[in-house]
Amino acid sequence: MGEKWDRDIEKVYSTSEFVEKLRRLADSLEADERFEIRVAGERVYVPARAEFNVEHEREGEEEELEFQLKWTNR
């Protein structure tokens with residue numbers, strides 16, 4: 001497998017696309033299976049052992065809620 005480069009990409013989805021991805025993620029989590037998603041042309045595999053957290057940020061009138069999955073590649 002080739003070297004992986006650092007990257008920081010944010011992709012905006014329609015509501016229906018986002019719901020579909022969340023459903024697939026939930027199904028993978030329930031089945032204790034890895035989750036596969038393509039982001040900006042790169043396929044990403046999230047292992048079942050990933051850690052999950054929710055982050056909430058507020059700055060003035062703006063708020064942000066992030067659902068994060070983190071893991072280390074082995």
# chains A, B, ... in the order shown; residues from 1 in each chain; ligands from 1

$ residues_around --residues "segment 60-72 of chain A" --least-positions-apart "2" --cutoff "12 Å" --atoms "only C-alpha atoms" --output "list in words"
Glu10, Leu22, Leu25, Leu29, Arg34, Phe35, Val44, Tyr45, Val46, Pro47, Ala48, Arg49, Ala50, Glu51, Phe52, Asn53, Val54, Glu55, His56, Glu57, Arg58 and Arg74 of chain A

$ write_last_selection --atoms "C-alpha atoms" --output "short mmCIF file (atom, residue, chain, number, x, y, z; two decimals), in the first residue's frame"
data_model
loop_
_atom_site.label_atom_id
_atom_site.label_comp_id
_atom_site.auth_asym_id
_atom_site.auth_seq_id
_atom_site.Cartn_x
_atom_site.Cartn_y
_atom_site.Cartn_z
CA GLU A 10 -14.81 19.04 4.47
CA LEU A 22 -25.61 7.95 8.70
CA LEU A 25 -22.72 4.00 9.45
CA LEU A 29 -21.67 -0.11 13.97
CA ARG A 34 -15.89 -1.57 9.25
CA PHE A 35 -17.55 1.40 7.56
CA VAL A 44 -11.84 5.60 3.53
CA TYR A 45 -12.26 2.51 5.68
CA VAL A 46 -13.28 3.14 9.28
CA PRO A 47 -12.50 0.06 11.39
CA ALA A 48 -15.06 -1.33 13.82
CA ARG A 49 -12.61 -0.52 16.64
CA ALA A 50 -12.78 3.24 15.96
CA GLU A 51 -13.52 5.59 18.86
CA PHE A 52 -16.49 7.94 18.67
CA ASN A 53 -17.10 11.36 20.13
CA VAL A 54 -19.41 14.33 19.69
CA GLU A 55 -17.99 17.85 19.63
CA HIS A 56 -20.03 21.03 20.10
CA GLU A 57 -18.59 24.46 19.35
CA ARG A 58 -20.17 27.89 19.78
CA ARG A 74 -2.17 -0.49 11.91
#

$ closest_residue --among "A:Val19, A:Ala31, A:Glu42, A:Ala26" --to "Trp5 of chain A" --atoms "only C-alpha atoms"
A:Glu42

$ select_by_dssp --residues "segment 11-72 of chain A" --states "strand (DSSP E or B)" --output "list in words"
Phe35, Glu36, Ile37, Arg38, Val39, Glu42, Arg43, Val44, Tyr45, Val46, Glu51, Phe52, Asn53, Val54, Glu55, His56, Glu57, Arg58, Glu59, Glu62, Glu63, Glu64, Leu65, Glu66, Phe67, Gln68, Leu69 and Lys70 of chain A

$ closest_residue --among "A:Arg23, A:Glu59, A:Tyr13, A:Phe18" --to "Ala40 of chain A" --atoms "only C-alpha atoms"
A:Tyr13
